[in-house]
file entry_14.cif (mmCIF, C-alpha atoms and all ligand atoms)
data_data
loop_
_atom_site.label_atom_id
_atom_site.label_comp_id
_atom_site.auth_asym_id
_atom_site.auth_seq_id
_atom_site.Cartn_x
_atom_site.Cartn_y
_atom_site.Cartn_z
CA MET I 71 183.87 130.92 38.43
CA ALA I 72 181.32 131.47 35.67
CA THR I 73 177.90 130.21 36.68
CA GLY I 74 174.58 129.81 34.97
CA SER I 75 174.98 126.86 32.67
CA PHE I 76 176.74 123.67 33.48
CA PRO I 77 178.10 120.87 31.26
CA ILE I 78 175.57 118.04 31.09
CA THR I 79 176.20 114.40 30.32
CA ARG I 80 172.79 112.85 29.84
CA THR I 81 172.00 109.31 30.84
CA THR I 82 171.64 106.82 28.01
CA THR I 83 169.65 104.46 30.25
CA PRO I 84 166.78 106.45 31.82
CA LYS I 85 165.13 104.62 34.69
CA PRO I 86 161.43 103.77 34.79
CA LYS I 87 159.59 106.30 36.93
CA PRO I 88 157.61 105.03 39.91
CA ALA I 89 153.85 105.53 40.16
CA ASP I 90 152.86 108.55 42.26
CA ASP I 91 150.70 106.29 44.41
CA GLY I 92 152.60 104.71 47.25
CA LEU I 93 155.83 106.74 46.87
CA ALA I 94 157.91 106.24 49.99
CA PHE I 95 160.45 108.76 51.27
CA GLY I 96 163.79 108.80 49.48
CA LYS I 97 163.84 105.28 48.07
CA VAL I 98 163.94 106.15 44.37
CA LEU I 99 166.52 108.53 42.92
CA THR I 100 166.26 110.32 39.58
CA ASP I 101 168.35 109.98 36.42
CA HIS I 102 171.00 112.66 37.04
CA MET I 103 173.10 114.24 39.75
CA PHE I 104 175.05 117.48 40.07
CA LEU I 105 178.69 117.32 41.17
CA MET I 106 181.24 120.04 41.99
CA ASN I 107 184.68 119.90 43.59
CA TYR I 108 186.60 122.14 45.95
CA ASP I 109 190.33 122.28 46.39
CA GLU I 110 192.13 124.68 48.66
CA GLY I 111 193.78 127.41 46.59
CA LYS I 112 191.46 126.74 43.66
CA GLY I 113 188.02 127.16 45.23
CA TRP I 114 184.87 125.49 43.92
CA HIS I 115 185.36 124.16 40.40
CA SER I 116 184.16 121.70 37.76
CA PRO I 117 180.38 121.95 38.29
CA ARG I 118 178.69 119.35 36.10
CA ILE I 119 175.58 117.24 35.69
CA VAL I 120 176.14 113.55 35.06
CA PRO I 121 174.07 110.36 35.08
CA TYR I 122 173.12 109.32 38.62
CA GLY I 123 175.49 106.67 39.93
CA PRO I 124 177.88 105.54 42.64
CA LEU I 125 180.72 107.75 43.85
CA SER I 126 184.15 106.22 43.99
CA LEU I 127 185.95 107.04 47.26
CA ASP I 128 189.28 105.89 48.62
CA PRO I 129 188.70 103.97 51.89
CA ALA I 130 190.85 106.59 53.67
CA THR I 131 188.59 109.48 52.56
CA SER I 132 188.18 111.62 55.65
CA VAL I 133 184.37 111.87 55.61
CA LEU I 134 184.14 108.11 56.03
CA HIS I 135 186.11 108.30 59.27
CA TYR I 136 185.37 111.62 60.92
CA GLY I 137 182.00 112.57 59.47
CA GLN I 138 182.81 116.03 58.11
CA ALA I 139 179.58 116.08 56.12
CA ILE I 140 176.66 118.47 55.77
CA PHE I 141 173.42 118.33 53.86
CA ASP I 142 170.17 120.14 53.42
CA GLY I 143 166.75 119.19 52.10
CA LEU I 144 164.14 121.11 50.17
CA LYS I 145 161.37 120.27 47.77
CA ALA I 146 160.04 121.01 44.29
CA PHE I 147 156.25 120.94 43.87
CA ARG I 148 154.18 120.56 40.73
CA GLY I 149 151.21 122.91 40.91
CA GLU I 150 147.80 122.44 39.35
CA ASP I 151 148.95 125.00 36.77
CA GLY I 152 151.71 122.54 35.78
CA ARG I 153 154.48 124.85 36.98
CA ILE I 154 157.25 123.53 39.20
CA ARG I 155 158.06 125.61 42.27
CA LEU I 156 160.87 125.41 44.79
CA PHE I 157 160.05 126.46 48.35
CA ARG I 158 162.47 128.92 49.98
CA ALA I 159 165.49 127.79 47.96
CA ASP I 160 167.59 130.80 49.04
CA ARG I 161 167.05 130.08 52.70
CA HIS I 162 168.04 126.44 52.20
CA ALA I 163 171.18 127.47 50.30
CA ALA I 164 172.07 129.91 53.09
CA ARG I 165 171.48 127.24 55.73
CA LEU I 166 173.77 124.82 53.90
CA ASN I 167 176.49 127.43 54.33
CA ARG I 168 175.64 127.94 58.01
CA SER I 169 176.04 124.19 58.50
CA GLY I 170 179.33 124.39 56.59
CA GLN I 171 180.58 127.18 58.83
CA ILE I 172 179.91 125.09 61.94
CA MET I 173 181.64 122.09 60.38
CA CYS I 174 184.69 124.09 59.16
CA MET I 175 183.80 123.69 55.50
CA PRO I 176 184.26 126.26 52.72
CA GLU I 177 181.39 128.56 51.78
CA ILE I 178 179.62 127.93 48.47
CA PRO I 179 178.21 131.05 46.76
CA VAL I 180 174.46 130.97 47.43
CA ASP I 181 173.76 131.80 43.78
CA LEU I 182 175.72 128.79 42.66
CA VAL I 183 173.80 126.51 45.01
CA ARG I 184 170.53 128.00 43.72
CA GLN I 185 171.61 127.47 40.13
CA SER I 186 172.50 123.85 40.85
CA PHE I 187 168.93 123.31 42.15
CA ASP I 188 167.36 124.95 39.11
CA ALA I 189 169.61 123.15 36.63
CA LEU I 190 169.12 119.65 38.03
CA VAL I 191 165.40 119.95 38.76
CA GLY I 192 164.97 121.56 35.31
CA LEU I 193 166.69 118.60 33.65
CA ASP I 194 164.88 115.92 35.68
CA HIS I 195 161.57 117.86 35.63
CA ASP I 196 159.59 114.83 34.51
CA TRP I 197 160.43 113.23 37.84
CA VAL I 198 158.42 115.81 39.81
CA PRO I 199 155.36 113.73 40.73
CA ARG I 200 151.83 114.95 39.99
CA LYS I 201 149.63 113.58 42.75
CA PRO I 202 148.63 116.03 45.52
CA GLY I 203 150.89 115.61 48.53
CA THR I 204 153.84 114.37 46.50
CA SER I 205 156.96 116.33 45.59
CA LEU I 206 160.56 116.02 44.44
CA TYR I 207 162.93 116.05 47.41
CA ILE I 208 166.21 117.85 46.72
CA ARG I 209 169.24 116.79 48.73
CA PRO I 210 172.39 118.95 48.49
CA THR I 211 175.31 117.40 50.35
CA VAL I 212 178.95 118.33 50.95
CA ILE I 213 181.57 115.81 52.07
CA ALA I 214 185.25 116.09 52.97
CA THR I 215 187.33 114.20 50.40
CA ASP I 216 190.90 114.43 51.70
CA VAL I 217 192.53 111.03 51.64
CA MET I 218 194.21 110.95 55.04
CA LEU I 219 193.62 109.64 58.52
CA GLY I 220 194.64 112.75 60.49
CA VAL I 221 191.87 114.63 62.26
CA HIS I 222 191.58 118.19 60.91
CA PRO I 223 189.34 120.14 58.54
CA ALA I 224 189.86 118.79 55.02
CA HIS I 225 191.42 120.73 52.14
CA SER I 226 189.19 119.18 49.47
CA TYR I 227 185.41 118.63 49.26
CA LEU I 228 182.73 117.27 46.98
CA TYR I 229 179.34 118.97 46.62
CA PHE I 230 176.67 116.69 45.22
CA LEU I 231 173.00 117.15 44.60
CA ILE I 232 170.54 114.30 44.17
CA LEU I 233 166.76 114.18 43.74
CA SER I 234 164.06 111.79 44.91
CA PRO I 235 160.31 111.77 44.18
CA VAL I 236 158.57 111.44 47.55
CA GLY I 237 155.21 110.95 49.17
CA SER I 238 154.47 111.42 52.88
CA TYR I 239 157.41 111.21 55.25
CA TYR I 240 155.48 109.19 57.80
CA ARG I 241 153.64 105.99 56.98
CA GLU I 242 150.67 107.50 58.83
CA GLY I 243 150.52 110.32 56.22
CA VAL I 244 149.37 113.64 57.71
CA LYS I 245 147.88 111.99 60.79
CA PRO I 246 148.65 112.60 64.44
CA VAL I 247 151.80 110.81 65.58
CA ARG I 248 152.74 109.41 68.98
CA ILE I 249 155.94 110.90 70.37
CA LEU I 250 158.00 109.95 73.40
CA ALA I 251 159.81 112.57 75.49
CA SER I 252 163.06 110.88 76.40
CA ASP I 253 164.76 111.48 79.74
CA ARG I 254 167.60 109.19 78.62
CA HIS I 255 168.63 110.03 75.06
CA VAL I 256 169.89 113.45 74.02
CA ARG I 257 170.46 114.81 70.55
CA ALA I 258 172.75 117.80 70.95
CA VAL I 259 174.38 120.03 73.51
CA LYS I 260 175.05 123.78 73.51
CA GLY I 261 178.46 124.47 72.02
CA GLY I 262 178.18 121.35 69.86
CA THR I 263 176.88 120.79 66.34
CA GLY I 264 173.11 120.69 67.00
CA GLU I 265 172.42 123.71 64.81
CA ALA I 266 174.16 122.16 61.79
CA LYS I 267 172.50 119.79 59.40
CA THR I 268 175.36 117.37 59.73
CA ALA I 269 175.39 113.60 59.46
CA ALA I 270 176.52 113.11 63.07
CA ASN I 271 173.35 114.64 64.54
CA TYR I 272 171.24 112.11 62.69
CA ALA I 273 173.53 109.24 63.72
CA ALA I 274 173.16 110.44 67.32
CA SER I 275 169.37 110.22 67.04
CA LEU I 276 169.19 106.60 65.93
CA SER I 277 169.28 104.74 69.23
CA GLY I 278 166.64 107.03 70.79
CA GLN I 279 164.50 106.54 67.72
CA GLN I 280 164.92 102.78 67.95
CA ASP I 281 163.89 102.72 71.61
CA ALA I 282 160.88 104.95 70.93
CA ALA I 283 159.76 102.69 68.07
CA ALA I 284 160.11 99.60 70.30
CA ALA I 285 157.89 101.34 72.86
CA GLY I 286 155.23 102.07 70.19
CA TYR I 287 156.02 105.72 69.38
CA THR I 288 156.81 107.32 66.01
CA GLN I 289 159.42 109.84 67.15
CA VAL I 290 161.50 110.96 70.10
CA LEU I 291 160.98 114.35 71.68
CA TYR I 292 164.50 115.27 72.76
CA LEU I 293 164.97 117.29 75.93
CA ASP I 294 168.00 119.46 76.67
CA ALA I 295 171.21 117.59 77.36
CA VAL I 296 171.99 119.19 80.73
CA GLU I 297 168.80 119.17 82.81
CA HIS I 298 166.70 116.83 80.64
CA ARG I 299 163.84 119.29 81.01
CA PHE I 300 163.58 121.71 78.12
CA LEU I 301 162.10 120.72 74.75
CA ASP I 302 164.70 120.58 71.98
CA GLU I 303 163.59 118.88 68.74
CA VAL I 304 161.24 116.07 67.87
CA GLY I 305 162.88 113.45 65.66
CA THR I 306 164.05 115.37 62.60
CA MET I 307 161.61 118.26 63.20
CA ASN I 308 161.24 121.45 65.23
CA ILE I 309 158.51 121.34 67.86
CA MET I 310 155.68 123.79 68.58
CA VAL I 311 153.13 123.69 71.41
CA ARG I 312 149.89 125.64 71.78
CA ILE I 313 149.02 126.26 75.41
CA GLY I 314 145.86 128.31 75.71
CA ASP I 315 146.17 130.91 72.97
CA GLU I 316 149.96 131.08 72.94
CA VAL I 317 152.13 129.14 70.49
CA ILE I 318 155.50 128.36 72.06
CA THR I 319 158.59 126.99 70.38
CA PRO I 320 162.16 126.53 71.66
CA PRO I 321 164.52 129.40 70.77
CA LEU I 322 167.45 129.07 68.35
CA HIS I 323 170.27 128.87 70.84
CA GLY I 324 172.64 126.47 69.15
CA THR I 325 171.22 123.02 69.83
CA ILE I 326 168.38 122.99 67.32
CA LEU I 327 168.15 123.46 63.60
CA ASP I 328 166.98 126.81 62.23
CA GLY I 329 164.15 125.07 60.40
CA VAL I 330 162.85 126.63 57.21
CA THR I 331 159.36 125.28 57.90
CA ARG I 332 159.74 126.53 61.49
CA ALA I 333 160.51 130.06 60.27
CA SER I 334 157.66 129.91 57.73
CA ALA I 335 155.18 128.69 60.35
CA LEU I 336 156.20 131.43 62.83
CA GLN I 337 155.81 134.07 60.12
CA LEU I 338 152.32 132.85 59.16
CA LEU I 339 151.19 132.55 62.79
CA ARG I 340 152.32 136.14 63.39
CA ASP I 341 150.62 137.26 60.16
CA TRP I 342 147.41 135.78 61.57
CA GLY I 343 147.82 137.75 64.80
CA LEU I 344 148.52 134.81 67.09
CA THR I 345 150.77 135.18 70.11
CA VAL I 346 154.00 133.36 69.27
CA THR I 347 156.82 133.03 71.78
CA GLU I 348 160.28 131.61 71.19
CA ARG I 349 161.42 130.59 74.65
CA PRO I 350 162.65 127.55 76.57
CA ILE I 351 159.70 125.35 77.46
CA ALA I 352 160.00 122.73 80.17
CA ILE I 353 158.38 119.33 79.83
CA GLU I 354 156.75 119.88 83.27
CA GLU I 355 154.94 122.90 81.82
CA VAL I 356 153.61 120.79 78.95
CA VAL I 357 152.57 117.97 81.29
CA ALA I 358 150.84 120.45 83.64
CA ALA I 359 149.01 122.02 80.67
CA GLY I 360 147.96 118.49 79.66
CA SER I 361 146.48 117.97 83.13
CA ASN I 362 144.71 121.33 83.46
CA GLY I 363 143.23 121.28 79.95
CA THR I 364 145.23 124.18 78.47
CA LEU I 365 147.44 122.00 76.23
CA LYS I 366 145.51 122.57 73.02
CA GLU I 367 147.85 121.37 70.27
CA MET I 368 151.35 120.21 69.54
CA TRP I 369 153.01 119.76 66.16
CA GLY I 370 156.36 119.25 64.50
CA THR I 371 157.61 121.23 61.52
CA GLY I 372 160.12 120.06 58.92
CA THR I 373 160.64 120.01 55.19
CA ALA I 374 160.02 116.31 54.88
CA ALA I 375 156.78 116.11 56.91
CA VAL I 376 155.78 119.83 56.55
CA VAL I 377 153.53 120.06 59.64
CA SER I 378 153.02 116.89 61.63
CA PRO I 379 150.36 116.84 64.36
CA VAL I 380 151.21 115.18 67.67
CA GLY I 381 148.29 113.14 68.99
CA THR I 382 149.98 111.54 71.98
CA LEU I 383 152.89 112.60 74.16
CA GLY I 384 154.50 109.88 76.24
CA TYR I 385 156.62 110.87 79.25
CA LYS I 386 157.78 108.82 82.24
CA GLY I 387 155.41 105.94 81.54
CA ARG I 388 152.32 108.12 81.02
CA ASP I 389 150.55 109.05 77.79
CA ILE I 390 148.95 112.46 77.37
CA LEU I 391 146.31 112.60 74.68
CA ILE I 392 146.37 115.95 72.88
CA ASN I 393 143.17 117.37 71.37
CA GLY I 394 141.56 113.94 71.74
CA GLY I 395 144.32 112.50 69.51
CA GLU I 396 143.05 114.54 66.57
CA THR I 397 144.73 117.19 64.41
CA GLY I 398 144.14 120.62 65.99
CA GLU I 399 142.77 123.70 64.22
CA VAL I 400 146.00 125.73 64.14
CA THR I 401 147.99 122.68 63.03
CA LYS I 402 145.55 122.10 60.17
CA LYS I 403 145.45 125.77 59.20
CA LEU I 404 149.24 125.93 59.11
CA TYR I 405 149.55 122.76 57.07
CA ASP I 406 146.97 123.97 54.55
CA ALA I 407 148.56 127.43 54.30
CA ILE I 408 152.11 126.16 53.72
CA VAL I 409 151.05 123.45 51.31
CA GLY I 410 148.80 125.94 49.49
CA ILE I 411 151.79 128.23 48.88
CA GLN I 412 154.06 125.34 47.91
CA TYR I 413 151.68 124.08 45.21
CA GLY I 414 150.85 127.58 43.99
CA LYS I 415 147.19 127.16 45.04
CA THR I 416 147.15 130.32 47.14
CA ASN I 417 149.06 133.53 46.78
CA ASP I 418 152.56 133.73 48.16
CA PRO I 419 152.65 136.95 50.20
CA HIS I 420 156.28 136.60 51.25
CA GLY I 421 157.66 135.48 47.87
CA TRP I 422 158.79 132.10 49.19
CA THR I 423 158.45 130.14 45.96
CA SER I 424 160.42 130.32 42.74
CA VAL I 425 159.49 128.69 39.44
CA VAL I 426 161.88 126.25 37.77
CA ASN I 427 161.95 126.12 33.98
CA PRO I 428 162.08 122.65 32.46
CA VAL I 429 165.20 121.89 30.38
CA GLU I 430 164.40 119.75 27.32
C1 LIG I 501 163.27 117.33 57.27
O1 LIG I 501 162.28 117.40 57.99
O2 LIG I 501 163.35 117.91 56.24
C2 LIG I 501 164.38 116.48 57.68
O3 LIG I 501 165.35 116.98 58.14
C3 LIG I 501 164.22 115.05 57.46
C4 LIG I 501 165.33 114.43 56.71
C5 LIG I 501 166.56 114.26 57.53
C6 LIG I 501 164.88 113.13 56.13
#

call {"tool": "encode", "arguments": {"input": "entry_14.cif", "output": "structure tokens"}}
result
Amino acid sequence: MATGSFPITRTTTPKPKPADDGLAFGKVLTDHMFLMNYDEGKGWHSPRIVPYGPLSLDPATSVLHYGQAIFDGLKAFRGEDGRIRLFRADRHAARLNRSGQIMCMPEIPVDLVRQSFDALVGLDHDWVPRKPGTSLYIRPTVIATDVMLGVHPAHSYLYFLILSPVGSYYREGVKPVRILASDRHVRAVKGGTGEAKTAANYAASLSGQQDAAAAGYTQVLYLDAVEHRFLDEVGTMNIMVRIGDEVITPPLHGTILDGVTRASALQLLRDWGLTVTERPIAIEEVVAAGSNGTLKEMWGTGTAAVVSPVGTLGYKGRDILINGGETGEVTKKLYDAIVGIQYGKTNDPHGWTSVVNPVE
């Protein structure tokens, strides 16, 4: 299929844009969306940009019943120089395909995914907010569109891309959060779909999240599903712990997402000469480090929150205060470094950003 420029139907009723102050996460969507269909035997076809609006789906559409759905999430940032940059768009496009592979969905050429980002963000460029800390969240999604009630991988799919101007993911902003290590709820199991960014993993996290919120915590720290011992993910983020001078994070062994912010953080930490280990880490080790004073910092990484400091870890009825409940030095340095690259304030030694040209 020819790529590069897509047919555009512009909205005739542009929406008012929200003020940059007080933007929540994902509540406002922009004026346009990108759509593309897949049919077995035909491949991906009919890419197009149309006014943002509801999708019409038959009630028997398979995604509504069996959840064959994947998504990804990345951001566009407006720098002080006025240029709009995407952060690690190729890696996000590749991860969308990795999720698709796990969920038995057809591959989408990475170039085509990239071009859909550039085309839609370029068209809705005025929606990229200007205030520091804000960005335009980009949500590519693929759903199974077969109309049938049998359980099997679908033969037809819809790719859609929508955009939302966002502020901080957490109401706290970039402030230490309270997390609860759950010995009851699990998120994913080896051999399952934990590595995919698929709707079901997020559905599976809701009841744990609800219980944690009722107990006064912001997020759940999931432990492994077999022994309920090893750290898995925290809410929608990857988790990192600094014990003494070593930064430890769980390995990619199928239950956790291969986070783009995770990979970026590990690269920067290694660039800075820190000792970084990807290995299973038991909650007892973290608790013991909390008691003997070697638990220096803990943070989550994710596209939405970037780097989120953990101030308090709750486990079995006890709260461990980390770094006096304050943001630690490595957490802060990482946050500043990643955000600096994203907004084009510092140089980009690994070539992670790409500039999007506005379409008038
Ligand atoms: C992210 O950190 O980017 C996420 O996955 C959060 C998203 C599901 C809202």

call {"tool": "axis_aligned_box", "arguments": {"input": "entry_14.cif", "around": "segment 98-112 of chain I", "padding_each_side": "4 Å", "output": "lines of an AutoDock Vina configuration file"}}
result
center_x = 178.9
center_y = 116.8
center_z = 42.5
size_x = 37.8
size_y = 29.3
size_z = 20.2

call {"tool": "atom_distance", "arguments": {"input": "entry_14.cif", "atom1": "atom CA of Glu110 of chain I", "atom2": "atom CA of Met175 of chain I"}}
result
10.8 Å

call {"tool": "residues_near_point", "arguments": {"input": "entry_14.cif", "point": "(153.4, 122.0, 54.6)", "cutoff": "6 Å", "atoms": "only C-alpha atoms", "output": "list in words"}}
result
Val376, Val377, Tyr405, Ile408 and Val409 of chain I

call {"tool": "write_last_selection", "arguments": {"input": "entry_14.cif", "atoms": "C-alpha atoms", "output": "PDB file, in the coordinates of the input"}}
result
ATOM      1  CA  VAL I 376     155.780 119.830  56.550  1.00  0.00           C
ATOM      2  CA  VAL I 377     153.530 120.060  59.640  1.00  0.00           C
ATOM      3  CA  TYR I 405     149.550 122.760  57.070  1.00  0.00           C
ATOM      4  CA  ILE I 408     152.110 126.160  53.720  1.00  0.00           C
ATOM      5  CA  VAL I 409     151.050 123.450  51.310  1.00  0.00           C
TER       6      VAL I 409
END

call {"tool": "residues_near_ligand", "arguments": {"input": "entry_14.cif", "ligand": "ligand LIG 501 (chain I)", "cutoff": "10 Å", "atoms": "all atoms listed in the file", "output": "PyMOL selection string"}}
result
chain I and resi 95-96+141-145+207-209+239+267-269+271-272+305-308+327+329-331+370-378

call {"tool": "atom_distance", "arguments": {"input": "entry_14.cif", "atom1": "atom CA of Glu177 of chain I", "atom2": "atom CA of Gln412 of chain I"}}
result
27.8 Å

call {"tool": "closest_residue", "arguments": {"input": "entry_14.cif", "among": "I:Leu301, I:Val425, I:Val380, I:Ile232", "to": "Lys402 of chain I", "atoms": "only C-alpha atoms"}}
result
I:Val380

call {"tool": "closest_atom_pairs", "arguments": {"input": "entry_14.cif", "of": "segment 315-429 of chain I", "to": "segment 181-185 of chain I", "cutoff": "12 Å", "atoms": "only C-alpha atoms", "output": "tab-separated table"}}
result
residue	atom	partner	partner_atom	distance
I:Ser424	CA	I:Arg184	CA	10.4
I:Val425	CA	I:Arg184	CA	11.9
I:Val426	CA	I:Gln185	CA	10.1
I:Asn427	CA	I:Gln185	CA	11.5

call {"tool": "atom_distance", "arguments": {"input": "entry_14.cif", "atom1": "atom CA of Trp342 of chain I", "atom2": "atom CA of Glu265 of chain I"}}
result
28.0 Å

call {"tool": "residues_near_point", "arguments": {"input": "entry_14.cif", "point": "(189.2, 121.2, 49.6)", "cutoff": "6 Å", "atoms": "all atoms listed in the file", "output": "list in words"}}
result
Tyr108, Asp109, Glu110, Ala224, His225, Ser226 and Tyr227 of chain I

call {"tool": "closest_residue", "arguments": {"input": "entry_14.cif", "among": "I:Leu338, I:Asp90, I:Pro223, I:Arg388", "to": "Ala139 of chain I", "atoms": "only C-alpha atoms"}}
result
I:Pro223

call {"tool": "closest_atom_pairs", "arguments": {"input": "entry_14.cif", "of": "segment 298-397 of chain I", "to": "segment 415-419 of chain I", "cutoff": "12 Å", "atoms": "all atoms listed in the file", "output": "Markdown table"}}
result
| residue | atom | partner | partner_atom | distance |
| --- | --- | --- | --- | --- |
| I:Ser334 | CA | I:Pro419 | CA | 11.5 |
| I:Gln337 | CA | I:Pro419 | CA | 10.8 |
| I:Leu338 | CA | I:Pro419 | CA | 9.9 |
| I:Asp341 | CA | I:Pro419 | CA | 10.2 |

call {"tool": "residues_around", "arguments": {"input": "entry_14.cif", "residues": "Glu303 of chain I", "least_positions_apart": "4", "cutoff": "8 Å", "atoms": "only C-alpha atoms", "output": "list in words"}}
result
Leu291, Tyr292, Leu293, Met307, Asn308, Ile309 and Ile326 of chain I

call {"tool": "closest_residue", "arguments": {"input": "entry_14.cif", "among": "I:Ile313, I:Val120, I:Val221, I:Ile411", "to": "Phe147 of chain I", "atoms": "all atoms listed in the file"}}
result
I:Ile411

call {"tool": "decode", "arguments": {"input": "entry_14.cif", "residues": "segment 347-365 of chain I", "atoms": "N, CA and C atoms", "output": "short mmCIF file (atom, residue, chain, number, x, y, z; two decimals), in the first residue's frame"}}
result
data_model
loop_
_atom_site.label_atom_id
_atom_site.label_comp_id
_atom_site.auth_asym_id
_atom_site.auth_seq_id
_atom_site.Cartn_x
_atom_site.Cartn_y
_atom_site.Cartn_z
N THR I 347 20.66 -3.47 37.59
CA THR I 347 20.47 -4.91 37.47
C THR I 347 19.02 -5.22 37.16
N GLU I 348 18.82 -6.03 36.13
CA GLU I 348 17.47 -6.50 35.81
C GLU I 348 17.38 -7.92 36.36
N ARG I 349 16.71 -8.06 37.47
CA ARG I 349 16.60 -9.38 38.11
C ARG I 349 15.34 -9.43 38.97
N PRO I 350 14.87 -10.66 39.26
CA PRO I 350 13.71 -10.74 40.15
C PRO I 350 14.06 -10.13 41.51
N ILE I 351 13.16 -9.36 42.05
CA ILE I 351 13.42 -8.76 43.37
C ILE I 351 12.22 -9.05 44.28
N ALA I 352 12.53 -9.72 45.40
CA ALA I 352 11.47 -10.15 46.31
C ALA I 352 11.05 -9.00 47.22
N ILE I 353 9.79 -8.97 47.57
CA ILE I 353 9.29 -7.93 48.47
C ILE I 353 10.01 -7.99 49.82
N GLU I 354 10.40 -9.21 50.26
CA GLU I 354 11.12 -9.31 51.55
C GLU I 354 12.45 -8.55 51.48
N GLU I 355 13.09 -8.58 50.31
CA GLU I 355 14.36 -7.87 50.15
C GLU I 355 14.14 -6.35 50.28
N VAL I 356 13.03 -5.89 49.71
CA VAL I 356 12.74 -4.45 49.78
C VAL I 356 12.40 -4.06 51.21
N VAL I 357 11.60 -4.90 51.87
CA VAL I 357 11.21 -4.61 53.26
C VAL I 357 12.46 -4.62 54.16
N ALA I 358 13.34 -5.61 53.95
CA ALA I 358 14.56 -5.68 54.77
C ALA I 358 15.43 -4.45 54.53
N ALA I 359 15.53 -4.02 53.26
CA ALA I 359 16.32 -2.81 52.95
C ALA I 359 15.69 -1.58 53.61
N GLY I 360 14.35 -1.59 53.69
CA GLY I 360 13.64 -0.50 54.38
C GLY I 360 14.02 -0.47 55.85
N SER I 361 14.17 -1.65 56.44
CA SER I 361 14.49 -1.72 57.88
C SER I 361 15.95 -1.38 58.15
N ASN I 362 16.86 -1.83 57.25
CA ASN I 362 18.28 -1.61 57.58
C ASN I 362 18.85 -0.32 56.96
N GLY I 363 17.97 0.48 56.38
CA GLY I 363 18.40 1.81 55.91
C GLY I 363 19.02 1.83 54.53
N THR I 364 19.04 0.68 53.82
CA THR I 364 19.66 0.71 52.48
C THR I 364 18.65 0.96 51.35
N LEU I 365 17.35 0.99 51.69
CA LEU I 365 16.35 1.30 50.66
C LEU I 365 16.35 2.82 50.44
#
